[in-house]
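This is structure-v3.pdb (PDB, C-alpha atoms).
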ATOM      1  CA  MET A   1      83.013  86.844 101.864  1.00  0.00           C
ATOM      2  CA  LEU A   2      85.641  87.334 104.568  1.00  0.00           C
ATOM      3  CA  GLN A   3      88.373  87.453 101.930  1.00  0.00           C
ATOM      4  CA  ASP A   4      86.497  90.251 100.162  1.00  0.00           C
ATOM      5  CA  LYS A   5      86.306  92.243 103.384  1.00  0.00           C
ATOM      6  CA  ASN A   6      90.023  91.707 104.027  1.00  0.00           C
ATOM      7  CA  ALA A   7      90.854  92.807 100.485  1.00  0.00           C
ATOM      8  CA  ASP A   8      88.715  95.929 100.924  1.00  0.00           C
ATOM      9  CA  LEU A   9      90.426  96.690 104.230  1.00  0.00           C
ATOM     10  CA  ASP A  10      93.865  96.265 102.655  1.00  0.00           C
ATOM     11  CA  ALA A  11      92.847  98.585  99.815  1.00  0.00           C
ATOM     12  CA  VAL A  12      91.792 101.268 102.298  1.00  0.00           C
ATOM     13  CA  LYS A  13      95.020 100.855 104.279  1.00  0.00           C
ATOM     14  CA  THR A  14      97.083 101.034 101.088  1.00  0.00           C
ATOM     15  CA  ARG A  15      95.369 104.226  99.945  1.00  0.00           C
ATOM     16  CA  LYS A  16      95.868 105.851 103.342  1.00  0.00           C
ATOM     17  CA  LEU A  17      99.521 104.810 103.317  1.00  0.00           C
ATOM     18  CA  LEU A  18     100.041 106.309  99.860  1.00  0.00           C
ATOM     19  CA  GLU A  19      98.312 109.538 100.879  1.00  0.00           C
ATOM     20  CA  ARG A  20     100.510 109.760 103.981  1.00  0.00           C
ATOM     21  CA  LEU A  21     103.649 109.210 101.899  1.00  0.00           C
ATOM     22  CA  VAL A  22     102.587 111.896  99.415  1.00  0.00           C
ATOM     23  CA  ASN A  23     102.136 114.283 102.353  1.00  0.00           C
ATOM     24  CA  GLU A  24     105.578 113.354 103.715  1.00  0.00           C
ATOM     25  CA  LEU A  25     107.136 114.066 100.332  1.00  0.00           C
ATOM     26  CA  GLY A  26     105.327 117.406 100.235  1.00  0.00           C
ATOM     27  CA  ARG A  27     106.678 118.349 103.659  1.00  0.00           C
ATOM     28  CA  ALA A  28     110.152 117.346 102.480  1.00  0.00           C
ATOM     29  CA  GLY A  29     109.934 119.978  99.747  1.00  0.00           C
ATOM     30  CA  HIS A  30     108.707 117.974  96.774  1.00  0.00           C
ATOM     31  CA  ASP A  31     106.059 119.934  94.896  1.00  0.00           C
ATOM     32  CA  LEU A  32     103.807 117.166  93.616  1.00  0.00           C
ATOM     33  CA  TYR A  33     100.502 119.020  93.447  1.00  0.00           C
ATOM     34  CA  TYR A  34     100.628 119.748  89.720  1.00  0.00           C
ATOM     35  CA  SER A  35     102.778 116.762  88.833  1.00  0.00           C
ATOM     36  CA  PRO A  36     101.338 114.006  86.668  1.00  0.00           C
ATOM     37  CA  THR A  37     100.306 110.868  88.528  1.00  0.00           C
ATOM     38  CA  THR A  38     103.123 108.963  86.794  1.00  0.00           C
ATOM     39  CA  GLN A  39     105.684 111.305  88.353  1.00  0.00           C
ATOM     40  CA  VAL A  40     104.043 111.108  91.789  1.00  0.00           C
ATOM     41  CA  ALA A  41     104.094 107.293  91.620  1.00  0.00           C
ATOM     42  CA  ALA A  42     107.757 107.269  90.588  1.00  0.00           C
ATOM     43  CA  SER A  43     108.625 109.676  93.414  1.00  0.00           C
ATOM     44  CA  LEU A  44     106.764 107.504  95.923  1.00  0.00           C
ATOM     45  CA  MET A  45     108.562 104.361  94.802  1.00  0.00           C
ATOM     46  CA  ASP A  46     111.926 106.098  95.044  1.00  0.00           C
ATOM     47  CA  TYR A  47     111.062 107.506  98.464  1.00  0.00           C
ATOM     48  CA  VAL A  48     110.009 104.113  99.827  1.00  0.00           C
ATOM     49  CA  GLU A  49     113.094 102.386  98.423  1.00  0.00           C
ATOM     50  CA  ASN A  50     115.552 104.959  99.722  1.00  0.00           C
ATOM     51  CA  SER A  51     114.367 106.863 102.760  1.00  0.00           C
ATOM     52  CA  ALA A  52     110.825 106.208 103.993  1.00  0.00           C
ATOM     53  CA  GLN A  53     110.440 104.923 107.525  1.00  0.00           C
ATOM     54  CA  LEU A  54     107.804 102.204 107.192  1.00  0.00           C
ATOM     55  CA  SER A  55     106.647  99.554 109.610  1.00  0.00           C
ATOM     56  CA  THR A  56     106.735  95.909 108.612  1.00  0.00           C
ATOM     57  CA  VAL A  57     102.997  95.975 107.912  1.00  0.00           C
ATOM     58  CA  GLU A  58     103.319  99.114 105.778  1.00  0.00           C
ATOM     59  CA  ARG A  59     106.215  97.598 103.829  1.00  0.00           C
ATOM     60  CA  ALA A  60     104.104  94.490 103.208  1.00  0.00           C
ATOM     61  CA  LEU A  61     101.275  96.662 101.838  1.00  0.00           C
ATOM     62  CA  PHE A  62     103.658  98.540  99.556  1.00  0.00           C
ATOM     63  CA  GLN A  63     105.823  95.594  98.511  1.00  0.00           C
ATOM     64  CA  ASP A  64     103.590  94.155  95.785  1.00  0.00           C
ATOM     65  CA  LEU A  65     102.535  97.488  94.294  1.00  0.00           C
ATOM     66  CA  THR A  66     103.787  98.439  90.862  1.00  0.00           C
ATOM     67  CA  ARG A  67     104.119 102.005  89.689  1.00  0.00           C
ATOM     68  CA  ARG A  68     100.967 101.511  87.635  1.00  0.00           C
ATOM     69  CA  ASP A  69      99.095 100.236  90.715  1.00  0.00           C
ATOM     70  CA  ILE A  70     100.067 103.405  92.570  1.00  0.00           C
ATOM     71  CA  GLU A  71      98.962 105.572  89.661  1.00  0.00           C
ATOM     72  CA  ILE A  72      95.559 103.877  89.612  1.00  0.00           C
ATOM     73  CA  ILE A  73      95.062 104.099  93.379  1.00  0.00           C
ATOM     74  CA  LEU A  74      95.992 107.785  93.481  1.00  0.00           C
ATOM     75  CA  GLY A  75      93.944 108.567  90.385  1.00  0.00           C
ATOM     76  CA  VAL A  76      90.677 107.119  91.691  1.00  0.00           C
ATOM     77  CA  LYS A  77      88.424 109.689  93.308  1.00  0.00           C
ATOM     78  CA  ARG A  78      86.960 108.724  96.638  1.00  0.00           C
ATOM     79  CA  PRO A  79      83.234 109.120  97.256  1.00  0.00           C
ATOM     80  CA  ASN A  80      82.284 111.907  99.663  1.00  0.00           C
TER
END

Translate the structure described by the file into structure tokens.
Amino acid sequence: MLQDKNADLDAVKTRKLLERLVNELGRAGHDLYYSPTTQVAASLMDYVENSAQLSTVERALFQDLTRRDIEIILGVKRPN
């Protein structure tokens, strides 16, 4: 039960991290709004590997994600 809650919390933190990174890329001049999710995921991975300023906790959240994981997380609509 506790593990499920921790997994849910990590999923929420991961989604918020990805959304923040997408916003950072947008502010840096990358126009990702109409880009396919595959391109957004690739851009995020490149950004994290080369220039993103992430805390140790944020790096740990991102470390095990594949490009496909990022595509799925960004592609899922959140309930209102």

What's the separation between CA of Leu54 in chain A and CA of Ile70 in chain A, in Å to one decimal place?
16.6 Å

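Distances here use only C-alpha atoms; by that measure, the residue among A:Glu71, A:Asp31, A:Asp46, A:Glu58 closest to Asp10 in chain A is A:Glu58.
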
For the file shown, what are the residues hit by the PyMOL selection byres ((chain A and resi 47) around 12), laid out as a list in words?
Leu18, Leu21, Val22, Asn23, Glu24, Leu25, Gly26, Ala28, His30, Val40, Ala41, Ala42, Ser43, Leu44, Met45, Asp46, Val48, Glu49, Asn50, Ser51, Ala52, Gln53, Leu54 and Phe62 of chain A

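Closest to Val12 in chain A among A:Thr66, A:Gly75, A:Leu32, A:Leu61 is A:Leu61, based on all atoms listed in the file.
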
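Between CA of Arg67 in chain A and CA of Arg27 in chain A lies a distance of 21.7 Å.
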
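Interatomic distance, CA of Ile72 in chain A against CA of Thr37 in chain A: 8.5 Å.
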
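Restricting the calculation to only C-alpha atoms, the smallest distance between Asp64 in chain A and any of A:Tyr34, A:Gln39, A:Glu19, A:Thr14 is found for A:Thr14.
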